[in-house]
Amino acid sequence: MDIGLVLQTDPPAQLLVERMKRAESAGFTHGWTFDSVVLWQEPFVIYSRILAETSRLIVGPMVTNPATRTWEVTASLFATLNDMYGNRTVCGIGRGDSAMRVAGRHPATLDRLSHAMHAIKELAEGRETEVDGTAMHLPWVKPGARLPVWTGAYGPKALALTGRQADGFILQLADPFLTEWMVKAVRAAAVEAGRDPDSLTICVAAPAYVTEDDSPAALAHAREQCRWFGGMVGNHVADLVARYGEHSGMVPEALTAYIKDRHGYDYSHHGRAGNPDTAFVPDEIVDRFCLIGPPEAQLARLAELRALGVDQFAVYAMHDAVEATIDAYGKSVIPALG
């Protein structure tokens, strides 16, 4: 199982670069960032520095969207990085949540997302495609260029799109029950589309907080540092409930039940420990969605996820122990994964 690191592009950018270098030295394979250029700094500029100062790390957004940049710009950014540093990028993409809503816009439709995924991949790999009615290609892209496109999804239609089209699936929660449910949905859609379901890379992304022990005090502190994640996921779930209904059967009750006491969401606290809009998130959800506890607890959950077909676990490290978590994974978790 690969292990990735997910950070926000808070200034100073050099600190993020140093943390990604630290992660590579610890055995992490992927370095991811959020892509919301109002809330944080522009990630593609920083990717160039990360790639220049590492040798193996694969980088990309978790996730970009079809609207912040035109598709040829997004494709050119990836293709340029790959030309400079080898094929060491991956395009994580979704409809757009914080990036669009902070700017007063709506997330893209799934149809728009599908067309963007196709166009970005075709252009970045040197093939001609159509962008909004205009045929184009990037003539400078060299043969052998590759750009995997992984889709972030929760709802049934997005999961089906992922199975039909994406190279990988990004699921932003680490609950084994929900992981199994959603991975099955993606793979079923792949089979229906005539694809090999095992060809899709499955990536689970969630906060991990490694504690010294499993004492109540240590676990309580870790939960408070990761509670924001339940609020972020709840924001997506609220969209699904609005679209499909609370008891539609289209989305598992295990995912929708906990948001009943949710009261709005302020993106100025998005993805940050101490987010005041996450008080509704109970400890049970934090424990289910995140990896909390000493290394043996981390390994136990990772073993469950790997048994469900998960190829990568990406550590959301938005808490007060970023370097400690990187080091603990490098010392006690990654070597034990084999």
# chains A, B, ... in the order shown; residues from 1 in each chain; ligands from 1
>>> residues_around(residues="Ala23 in chain A", least_positions_apart="4", cutoff="8 Å", atoms="only C-alpha atoms", output="PyMOL selection string")
chain A and resi 5+19+27-28+326-327+330
>>> write_last_selection(atoms="N, CA, C and O atoms", output="compact mmCIF listing (two decimals), in the first residue's frame")
# COMPACT_ATOMS: atom_id res chain seq x y z
N LEU A 5 0.83 12.08 1.47
CA LEU A 5 0.70 13.17 2.44
C LEU A 5 -0.09 14.29 1.79
O LEU A 5 0.23 14.71 0.68
N ARG A 19 8.32 19.86 4.26
CA ARG A 19 7.53 18.74 4.78
C ARG A 19 7.38 17.64 3.75
O ARG A 19 7.38 16.45 4.07
N GLY A 27 9.44 7.62 3.36
CA GLY A 27 8.87 6.53 2.59
C GLY A 27 7.51 6.82 1.96
O GLY A 27 6.92 5.93 1.34
N PHE A 28 7.02 8.04 2.11
CA PHE A 28 5.77 8.41 1.44
C PHE A 28 6.01 8.43 -0.07
O PHE A 28 7.07 8.81 -0.55
N ILE A 326 4.39 12.52 10.21
CA ILE A 326 5.26 12.06 9.12
C ILE A 326 6.33 11.11 9.67
O ILE A 326 6.56 10.02 9.13
N ASP A 327 6.97 11.52 10.75
CA ASP A 327 8.06 10.71 11.32
C ASP A 327 7.54 9.38 11.88
O ASP A 327 8.19 8.34 11.72
N GLY A 330 6.92 7.11 9.06
CA GLY A 330 8.18 6.64 8.51
C GLY A 330 8.87 5.61 9.38
O GLY A 330 9.50 4.67 8.87
>>> residues_around(residues="Leu57 in chain A", least_positions_apart="3", cutoff="7 Å", atoms="only C-alpha atoms", output="tab-separated table (two decimals) with C-alpha atoms, in the first residue's frame")
chain	number	residue	atom	x	y	z
A	24	GLU	CA	9.70	11.34	0.82
A	29	THR	CA	5.11	7.96	-2.29
A	30	HIS	CA	2.73	10.86	-3.02
A	31	GLY	CA	2.51	14.52	-2.06
A	54	THR	CA	12.64	15.45	-4.39
A	88	ARG	CA	5.57	12.47	-11.59
>>> select_by_dssp(residues="range 53-174 of chain A", states="helix (DSSP H, G or I)", output="JSON, numbers by chain")
{"A": [53, 71, 72, 73, 74, 75, 76, 77, 78, 79, 80, 81, 82, 83, 84, 85, 98, 99, 100, 101, 110, 111, 112, 113, 114, 115, 116, 117, 118, 119, 120, 121, 122, 123, 124, 156, 157, 158, 159, 160, 161, 162, 163, 164, 165]}
>>> write_last_selection(atoms="N, CA and C atoms", output="CSV table (one decimal), in the first residue's frame")
chain,number,residue,atom,x,y,z
A,53,GLU,N,13.0,19.4,-5.6
A,53,GLU,CA,13.8,19.1,-4.4
A,53,GLU,C,13.6,17.7,-3.9
A,71,TRP,N,-9.4,24.2,-19.3
A,71,TRP,CA,-8.9,22.8,-19.4
A,71,TRP,C,-7.5,22.8,-20.0
A,72,GLU,N,-7.3,23.6,-21.1
A,72,GLU,CA,-5.9,23.6,-21.7
A,72,GLU,C,-4.9,24.1,-20.8
A,73,VAL,N,-5.2,25.0,-19.9
A,73,VAL,CA,-4.3,25.6,-18.9
A,73,VAL,C,-3.9,24.5,-17.9
A,74,THR,N,-4.9,23.8,-17.4
A,74,THR,CA,-4.7,22.7,-16.4
A,74,THR,C,-3.8,21.6,-17.1
A,75,ALA,N,-4.2,21.2,-18.3
A,75,ALA,CA,-3.4,20.2,-19.0
A,75,ALA,C,-1.9,20.6,-19.2
A,76,SER,N,-1.8,21.9,-19.6
A,76,SER,CA,-0.4,22.4,-19.9
A,76,SER,C,0.4,22.5,-18.6
A,77,LEU,N,-0.2,22.8,-17.5
A,77,LEU,CA,0.5,22.8,-16.2
A,77,LEU,C,1.1,21.4,-15.9
A,78,PHE,N,0.2,20.4,-16.0
A,78,PHE,CA,0.6,19.1,-15.7
A,78,PHE,C,1.7,18.6,-16.7
A,79,ALA,N,1.5,18.9,-18.0
A,79,ALA,CA,2.4,18.4,-19.0
A,79,ALA,C,3.7,19.1,-18.9
A,80,THR,N,3.8,20.3,-18.5
A,80,THR,CA,5.0,21.0,-18.3
A,80,THR,C,5.8,20.4,-17.1
A,81,LEU,N,5.1,20.2,-16.0
A,81,LEU,CA,5.8,19.5,-14.9
A,81,LEU,C,6.3,18.2,-15.2
A,82,ASN,N,5.5,17.4,-16.0
A,82,ASN,CA,6.0,16.1,-16.4
A,82,ASN,C,7.2,16.1,-17.3
A,83,ASP,N,7.2,17.1,-18.2
A,83,ASP,CA,8.3,17.3,-19.1
A,83,ASP,C,9.6,17.7,-18.4
A,84,MET,N,9.4,18.5,-17.3
A,84,MET,CA,10.6,19.0,-16.6
A,84,MET,C,11.1,17.9,-15.6
A,85,TYR,N,10.2,17.1,-15.0
A,85,TYR,CA,10.6,16.2,-14.0
A,85,TYR,C,10.3,14.7,-14.2
A,98,SER,N,-14.8,24.0,-2.2
A,98,SER,CA,-14.3,25.3,-1.6
A,98,SER,C,-13.9,26.3,-2.7
A,99,ALA,N,-13.2,25.8,-3.7
A,99,ALA,CA,-12.6,26.7,-4.8
A,99,ALA,C,-13.7,27.5,-5.5
A,100,MET,N,-14.9,26.8,-5.7
A,100,MET,CA,-15.9,27.5,-6.4
A,100,MET,C,-16.8,28.3,-5.5
A,101,ARG,N,-17.2,27.7,-4.3
A,101,ARG,CA,-18.1,28.4,-3.4
A,101,ARG,C,-17.5,29.7,-2.8
A,110,LEU,N,-21.7,17.2,-13.3
A,110,LEU,CA,-20.9,15.9,-13.6
A,110,LEU,C,-20.6,15.8,-15.1
A,111,ASP,N,-21.5,16.3,-16.0
A,111,ASP,CA,-21.3,16.3,-17.4
A,111,ASP,C,-20.1,17.1,-17.7
A,112,ARG,N,-20.0,18.3,-17.1
A,112,ARG,CA,-18.9,19.2,-17.4
A,112,ARG,C,-17.6,18.6,-16.8
A,113,LEU,N,-17.7,17.9,-15.7
A,113,LEU,CA,-16.5,17.3,-15.1
A,113,LEU,C,-16.0,16.2,-16.0
A,114,SER,N,-16.9,15.4,-16.6
A,114,SER,CA,-16.5,14.3,-17.4
A,114,SER,C,-15.8,14.8,-18.7
A,115,HIS,N,-16.3,15.8,-19.3
A,115,HIS,CA,-15.6,16.4,-20.5
A,115,HIS,C,-14.3,17.0,-20.1
A,116,ALA,N,-14.2,17.6,-18.9
A,116,ALA,CA,-12.9,18.1,-18.5
A,116,ALA,C,-11.9,17.1,-18.3
A,117,MET,N,-12.3,16.0,-17.6
A,117,MET,CA,-11.4,14.9,-17.4
A,117,MET,C,-10.8,14.3,-18.7
A,118,HIS,N,-11.7,14.1,-19.7
A,118,HIS,CA,-11.2,13.6,-20.9
A,118,HIS,C,-10.2,14.6,-21.6
A,119,ALA,N,-10.6,15.9,-21.7
A,119,ALA,CA,-9.8,16.9,-22.4
A,119,ALA,C,-8.4,17.0,-21.7
A,120,ILE,N,-8.4,17.1,-20.4
A,120,ILE,CA,-7.2,17.3,-19.7
A,120,ILE,C,-6.2,16.2,-19.9
A,121,LYS,N,-6.7,15.0,-19.8
A,121,LYS,CA,-5.9,13.8,-20.0
A,121,LYS,C,-5.4,13.7,-21.5
A,122,GLU,N,-6.3,13.9,-22.4
A,122,GLU,CA,-5.8,13.9,-23.8
A,122,GLU,C,-4.8,14.9,-24.1
A,123,LEU,N,-5.0,16.1,-23.7
A,123,LEU,CA,-4.0,17.2,-24.0
A,123,LEU,C,-2.7,16.9,-23.3
A,124,ALA,N,-2.7,16.5,-22.0
A,124,ALA,CA,-1.5,16.3,-21.3
A,124,ALA,C,-0.7,15.2,-21.8
A,156,PRO,N,-23.9,8.6,-5.9
A,156,PRO,CA,-24.0,7.5,-6.8
A,156,PRO,C,-23.6,7.9,-8.3
A,157,LYS,N,-24.0,9.1,-8.7
A,157,LYS,CA,-23.7,9.4,-10.1
A,157,LYS,C,-22.2,9.7,-10.3
A,158,ALA,N,-21.6,10.4,-9.3
A,158,ALA,CA,-20.2,10.6,-9.3
A,158,ALA,C,-19.4,9.3,-9.2
A,159,LEU,N,-19.8,8.4,-8.4
A,159,LEU,CA,-19.2,7.1,-8.3
A,159,LEU,C,-19.2,6.4,-9.6
A,160,ALA,N,-20.4,6.5,-10.3
A,160,ALA,CA,-20.6,5.8,-11.6
A,160,ALA,C,-19.7,6.4,-12.6
A,161,LEU,N,-19.6,7.8,-12.7
A,161,LEU,CA,-18.7,8.4,-13.6
A,161,LEU,C,-17.2,8.0,-13.3
A,162,THR,N,-16.8,7.9,-12.1
A,162,THR,CA,-15.5,7.4,-11.7
A,162,THR,C,-15.2,6.1,-12.3
A,163,GLY,N,-16.1,5.1,-12.1
A,163,GLY,CA,-15.9,3.8,-12.6
A,163,GLY,C,-15.9,3.7,-14.2
A,164,ARG,N,-16.7,4.6,-14.8
A,164,ARG,CA,-16.7,4.6,-16.3
A,164,ARG,C,-15.4,5.2,-16.9
A,165,GLN,N,-14.8,6.2,-16.2
A,165,GLN,CA,-13.9,7.0,-16.9
A,165,GLN,C,-12.5,7.2,-16.2
>>> closest_residue(among="A:Phe313, A:Trp32, A:Trp228, A:Phe177", to="Arg288 in chain A", atoms="only C-alpha atoms")
A:Phe177
>>> atom_distance(atom1="CA of Asp35 in chain A", atom2="CA of Ala166 in chain A")
19.0 Å
>>> residues_around(residues="Ile93 in chain A", least_positions_apart="3", cutoff="8 Å", atoms="only C-alpha atoms", output="list in words")
Pro61, Met62, Val63, Thr64, Asn65, Pro66, Gly96, Met117, Val149, Trp150, Thr151 and Gly152 of chain A
>>> residues_around(residues="Pro11 in chain A", least_positions_apart="4", cutoff="10 Å", atoms="only C-alpha atoms", output="list in words")
Leu15, Leu16, Trp40 and Gln41 of chain A
>>> write_last_selection(atoms="all heavy atoms", output="PDB file, in the first residue's frame")
ATOM      1  N   LEU A  15       7.959  25.906   3.758  1.00  0.00           N
ATOM      2  CA  LEU A  15       7.665  24.945   4.827  1.00  0.00           C
ATOM      3  C   LEU A  15       6.962  23.728   4.258  1.00  0.00           C
ATOM      4  O   LEU A  15       7.276  22.586   4.631  1.00  0.00           O
ATOM      5  CB  LEU A  15       6.805  25.603   5.910  1.00  0.00           C
ATOM      6  CG  LEU A  15       6.348  24.682   7.049  1.00  0.00           C
ATOM      7  CD1 LEU A  15       7.549  24.082   7.778  1.00  0.00           C
ATOM      8  CD2 LEU A  15       5.446  25.439   8.024  1.00  0.00           C
ATOM      9  N   LEU A  16       6.019  23.939   3.343  1.00  0.00           N
ATOM     10  CA  LEU A  16       5.349  22.807   2.699  1.00  0.00           C
ATOM     11  C   LEU A  16       6.356  21.968   1.915  1.00  0.00           C
ATOM     12  O   LEU A  16       6.323  20.728   1.964  1.00  0.00           O
ATOM     13  CB  LEU A  16       4.240  23.315   1.775  1.00  0.00           C
ATOM     14  CG  LEU A  16       3.348  22.246   1.127  1.00  0.00           C
ATOM     15  CD1 LEU A  16       1.940  22.785   0.931  1.00  0.00           C
ATOM     16  CD2 LEU A  16       3.904  21.791  -0.223  1.00  0.00           C
ATOM     17  N   TRP A  40      -5.924  29.473  -0.190  1.00  0.00           N
ATOM     18  CA  TRP A  40      -4.513  29.123  -0.042  1.00  0.00           C
ATOM     19  C   TRP A  40      -3.741  29.548  -1.274  1.00  0.00           C
ATOM     20  O   TRP A  40      -4.318  29.985  -2.265  1.00  0.00           O
ATOM     21  CB  TRP A  40      -4.358  27.614   0.183  1.00  0.00           C
ATOM     22  CG  TRP A  40      -5.127  27.123   1.365  1.00  0.00           C
ATOM     23  CD1 TRP A  40      -4.834  27.345   2.682  1.00  0.00           C
ATOM     24  CD2 TRP A  40      -6.344  26.368   1.354  1.00  0.00           C
ATOM     25  NE1 TRP A  40      -5.774  26.761   3.485  1.00  0.00           N
ATOM     26  CE2 TRP A  40      -6.724  26.153   2.710  1.00  0.00           C
ATOM     27  CE3 TRP A  40      -7.140  25.834   0.349  1.00  0.00           C
ATOM     28  CZ2 TRP A  40      -7.860  25.440   3.071  1.00  0.00           C
ATOM     29  CZ3 TRP A  40      -8.285  25.132   0.704  1.00  0.00           C
ATOM     30  CH2 TRP A  40      -8.634  24.932   2.046  1.00  0.00           C
ATOM     31  N   GLN A  41      -2.422  29.375  -1.235  1.00  0.00           N
ATOM     32  CA  GLN A  41      -1.578  29.781  -2.356  1.00  0.00           C
ATOM     33  C   GLN A  41      -1.736  28.831  -3.547  1.00  0.00           C
ATOM     34  O   GLN A  41      -2.151  27.678  -3.409  1.00  0.00           O
ATOM     35  CB  GLN A  41      -0.115  29.848  -1.909  1.00  0.00           C
ATOM     36  CG  GLN A  41       0.164  30.951  -0.900  1.00  0.00           C
ATOM     37  CD  GLN A  41       1.636  31.063  -0.526  1.00  0.00           C
ATOM     38  OE1 GLN A  41       2.359  30.071  -0.507  1.00  0.00           O
ATOM     39  NE2 GLN A  41       2.072  32.273  -0.212  1.00  0.00           N
TER      40      GLN A  41
END
>>> select_by_dssp(residues="range 124-302 of chain A", states="strand (DSSP E)", output="MDAnalysis selection string")
chainID A and resid 129:131 134:136 149:152 168:171 201:210 291:293
>>> residues_around(residues="Val17 in chain A", least_positions_apart="3", cutoff="9 Å", atoms="only C-alpha atoms", output="PyMOL selection string")
chain A and resi 13-14+20-22+46-47+49-50+53
>>> closest_residue(among="A:Ile292, A:Leu39, A:Ile202, A:Glu18", to="Asp214 in chain A", atoms="only C-alpha atoms")
A:Ile292
>>> closest_residue(among="A:Pro43, A:Pro252, A:Pro282, A:Gly94", to="Leu178 in chain A", atoms="only C-alpha atoms")
A:Pro252
>>> atom_distance(atom1="CA of Ala307 in chain A", atom2="CA of Ala218 in chain A")
28.0 Å
>>> closest_residue(among="A:Ala297, A:Ala153, A:Val315, A:Leu51", to="Met182 in chain A", atoms="only C-alpha atoms")
A:Ala153
>>> atom_distance(atom1="CA of Cys226 in chain A", atom2="CA of Asp311 in chain A")
22.8 Å
>>> closest_residue(among="A:Val90, A:Leu147, A:Ile285, A:Val310", to="Asp198 in chain A", atoms="only C-alpha atoms")
A:Val310
>>> residues_around(residues="Asp283 in chain A", least_positions_apart="3", cutoff="8 Å", atoms="only C-alpha atoms", output="list in words")
Arg223, Arg227, Val286 and Asp287 of chain A
>>> write_last_selection(atoms="C-alpha atoms", output="PDB file, in the first residue's frame")
ATOM      1  CA  ARG A 223     -10.087  13.641  18.054  1.00  0.00           C
ATOM      2  CA  ARG A 227     -12.926  16.739  14.137  1.00  0.00           C
ATOM      3  CA  VAL A 286     -14.140  11.020  14.052  1.00  0.00           C
ATOM      4  CA  ASP A 287     -13.055   7.505  14.997  1.00  0.00           C
TER       5      ASP A 287
END
>>> decode(residues="range 109-120 of chain A", atoms="all heavy atoms", output="PDB file, in the first residue's frame")
ATOM      1  N   THR A 109     -21.153  20.721 -13.092  1.00  0.00           N
ATOM      2  CA  THR A 109     -22.003  19.547 -13.269  1.00  0.00           C
ATOM      3  C   THR A 109     -21.121  18.330 -13.538  1.00  0.00           C
ATOM      4  O   THR A 109     -19.956  18.462 -13.947  1.00  0.00           O
ATOM      5  CB  THR A 109     -22.964  19.734 -14.446  1.00  0.00           C
ATOM      6  OG1 THR A 109     -22.189  19.822 -15.658  1.00  0.00           O
ATOM      7  CG2 THR A 109     -23.815  20.984 -14.272  1.00  0.00           C
ATOM      8  N   LEU A 110     -21.679  17.153 -13.335  1.00  0.00           N
ATOM      9  CA  LEU A 110     -20.914  15.939 -13.612  1.00  0.00           C
ATOM     10  C   LEU A 110     -20.623  15.808 -15.105  1.00  0.00           C
ATOM     11  O   LEU A 110     -19.580  15.271 -15.492  1.00  0.00           O
ATOM     12  CB  LEU A 110     -21.664  14.711 -13.099  1.00  0.00           C
ATOM     13  CG  LEU A 110     -21.702  14.551 -11.578  1.00  0.00           C
ATOM     14  CD1 LEU A 110     -22.549  13.342 -11.194  1.00  0.00           C
ATOM     15  CD2 LEU A 110     -20.288  14.405 -11.006  1.00  0.00           C
ATOM     16  N   ASP A 111     -21.521  16.292 -15.955  1.00  0.00           N
ATOM     17  CA  ASP A 111     -21.264  16.252 -17.392  1.00  0.00           C
ATOM     18  C   ASP A 111     -20.058  17.113 -17.729  1.00  0.00           C
ATOM     19  O   ASP A 111     -19.183  16.714 -18.511  1.00  0.00           O
ATOM     20  CB  ASP A 111     -22.499  16.731 -18.154  1.00  0.00           C
ATOM     21  CG  ASP A 111     -22.307  16.667 -19.660  1.00  0.00           C
ATOM     22  OD1 ASP A 111     -22.169  15.543 -20.184  1.00  0.00           O
ATOM     23  OD2 ASP A 111     -22.277  17.732 -20.311  1.00  0.00           O
ATOM     24  N   ARG A 112     -19.996  18.290 -17.134  1.00  0.00           N
ATOM     25  CA  ARG A 112     -18.855  19.180 -17.356  1.00  0.00           C
ATOM     26  C   ARG A 112     -17.569  18.552 -16.812  1.00  0.00           C
ATOM     27  O   ARG A 112     -16.515  18.625 -17.448  1.00  0.00           O
ATOM     28  CB  ARG A 112     -19.126  20.519 -16.661  1.00  0.00           C
ATOM     29  CG  ARG A 112     -18.103  21.610 -16.930  1.00  0.00           C
ATOM     30  CD  ARG A 112     -18.297  22.240 -18.267  1.00  0.00           C
ATOM     31  NE  ARG A 112     -17.391  23.362 -18.480  1.00  0.00           N
ATOM     32  CZ  ARG A 112     -17.073  23.844 -19.675  1.00  0.00           C
ATOM     33  NH1 ARG A 112     -17.599  23.300 -20.763  1.00  0.00           N
ATOM     34  NH2 ARG A 112     -16.252  24.866 -19.797  1.00  0.00           N
ATOM     35  N   LEU A 113     -17.667  17.931 -15.661  1.00  0.00           N
ATOM     36  CA  LEU A 113     -16.509  17.252 -15.082  1.00  0.00           C
ATOM     37  C   LEU A 113     -16.006  16.156 -16.005  1.00  0.00           C
ATOM     38  O   LEU A 113     -14.802  16.019 -16.240  1.00  0.00           O
ATOM     39  CB  LEU A 113     -16.870  16.680 -13.713  1.00  0.00           C
ATOM     40  CG  LEU A 113     -15.818  15.799 -13.032  1.00  0.00           C
ATOM     41  CD1 LEU A 113     -14.523  16.558 -12.791  1.00  0.00           C
ATOM     42  CD2 LEU A 113     -16.362  15.247 -11.712  1.00  0.00           C
ATOM     43  N   SER A 114     -16.914  15.364 -16.554  1.00  0.00           N
ATOM     44  CA  SER A 114     -16.539  14.266 -17.444  1.00  0.00           C
ATOM     45  C   SER A 114     -15.790  14.776 -18.671  1.00  0.00           C
ATOM     46  O   SER A 114     -14.737  14.238 -19.047  1.00  0.00           O
ATOM     47  CB  SER A 114     -17.791  13.494 -17.878  1.00  0.00           C
ATOM     48  OG  SER A 114     -17.466  12.509 -18.839  1.00  0.00           O
ATOM     49  N   HIS A 115     -16.312  15.831 -19.295  1.00  0.00           N
ATOM     50  CA  HIS A 115     -15.649  16.384 -20.467  1.00  0.00           C
ATOM     51  C   HIS A 115     -14.275  16.956 -20.111  1.00  0.00           C
ATOM     52  O   HIS A 115     -13.309  16.818 -20.874  1.00  0.00           O
ATOM     53  CB  HIS A 115     -16.531  17.457 -21.114  1.00  0.00           C
ATOM     54  CG  HIS A 115     -17.667  16.897 -21.914  1.00  0.00           C
ATOM     55  ND1 HIS A 115     -18.917  16.675 -21.382  1.00  0.00           N
ATOM     56  CD2 HIS A 115     -17.735  16.503 -23.209  1.00  0.00           C
ATOM     57  CE1 HIS A 115     -19.712  16.174 -22.309  1.00  0.00           C
ATOM     58  NE2 HIS A 115     -19.024  16.051 -23.428  1.00  0.00           N
ATOM     59  N   ALA A 116     -14.182  17.595 -18.941  1.00  0.00           N
ATOM     60  CA  ALA A 116     -12.901  18.149 -18.506  1.00  0.00           C
ATOM     61  C   ALA A 116     -11.879  17.051 -18.273  1.00  0.00           C
ATOM     62  O   ALA A 116     -10.700  17.174 -18.674  1.00  0.00           O
ATOM     63  CB  ALA A 116     -13.093  18.974 -17.237  1.00  0.00           C
ATOM     64  N   MET A 117     -12.288  15.980 -17.606  1.00  0.00           N
ATOM     65  CA  MET A 117     -11.377  14.864 -17.355  1.00  0.00           C
ATOM     66  C   MET A 117     -10.799  14.335 -18.662  1.00  0.00           C
ATOM     67  O   MET A 117      -9.587  14.092 -18.772  1.00  0.00           O
ATOM     68  CB  MET A 117     -12.105  13.750 -16.607  1.00  0.00           C
ATOM     69  CG  MET A 117     -12.472  14.086 -15.171  1.00  0.00           C
ATOM     70  SD  MET A 117     -13.696  12.947 -14.487  1.00  0.00           S
ATOM     71  CE  MET A 117     -12.866  11.367 -14.661  1.00  0.00           C
ATOM     72  N   HIS A 118     -11.667  14.149 -19.654  1.00  0.00           N
ATOM     73  CA  HIS A 118     -11.211  13.625 -20.948  1.00  0.00           C
ATOM     74  C   HIS A 118     -10.250  14.596 -21.616  1.00  0.00           C
ATOM     75  O   HIS A 118      -9.164  14.201 -22.077  1.00  0.00           O
ATOM     76  CB  HIS A 118     -12.419  13.371 -21.852  1.00  0.00           C
ATOM     77  CG  HIS A 118     -12.046  12.930 -23.229  1.00  0.00           C
ATOM     78  ND1 HIS A 118     -11.645  11.647 -23.526  1.00  0.00           N
ATOM     79  CD2 HIS A 118     -11.987  13.629 -24.410  1.00  0.00           C
ATOM     80  CE1 HIS A 118     -11.359  11.548 -24.815  1.00  0.00           C
ATOM     81  NE2 HIS A 118     -11.563  12.744 -25.376  1.00  0.00           N
ATOM     82  N   ALA A 119     -10.629  15.876 -21.661  1.00  0.00           N
ATOM     83  CA  ALA A 119      -9.810  16.861 -22.369  1.00  0.00           C
ATOM     84  C   ALA A 119      -8.450  17.039 -21.708  1.00  0.00           C
ATOM     85  O   ALA A 119      -7.413  17.103 -22.395  1.00  0.00           O
ATOM     86  CB  ALA A 119     -10.546  18.198 -22.431  1.00  0.00           C
ATOM     87  N   ILE A 120      -8.425  17.139 -20.388  1.00  0.00           N
ATOM     88  CA  ILE A 120      -7.156  17.348 -19.677  1.00  0.00           C
ATOM     89  C   ILE A 120      -6.213  16.170 -19.915  1.00  0.00           C
ATOM     90  O   ILE A 120      -5.014  16.352 -20.188  1.00  0.00           O
ATOM     91  CB  ILE A 120      -7.418  17.566 -18.175  1.00  0.00           C
ATOM     92  CG1 ILE A 120      -8.117  18.918 -17.959  1.00  0.00           C
ATOM     93  CG2 ILE A 120      -6.120  17.495 -17.376  1.00  0.00           C
ATOM     94  CD1 ILE A 120      -8.712  19.088 -16.574  1.00  0.00           C
TER      95      ILE A 120
END
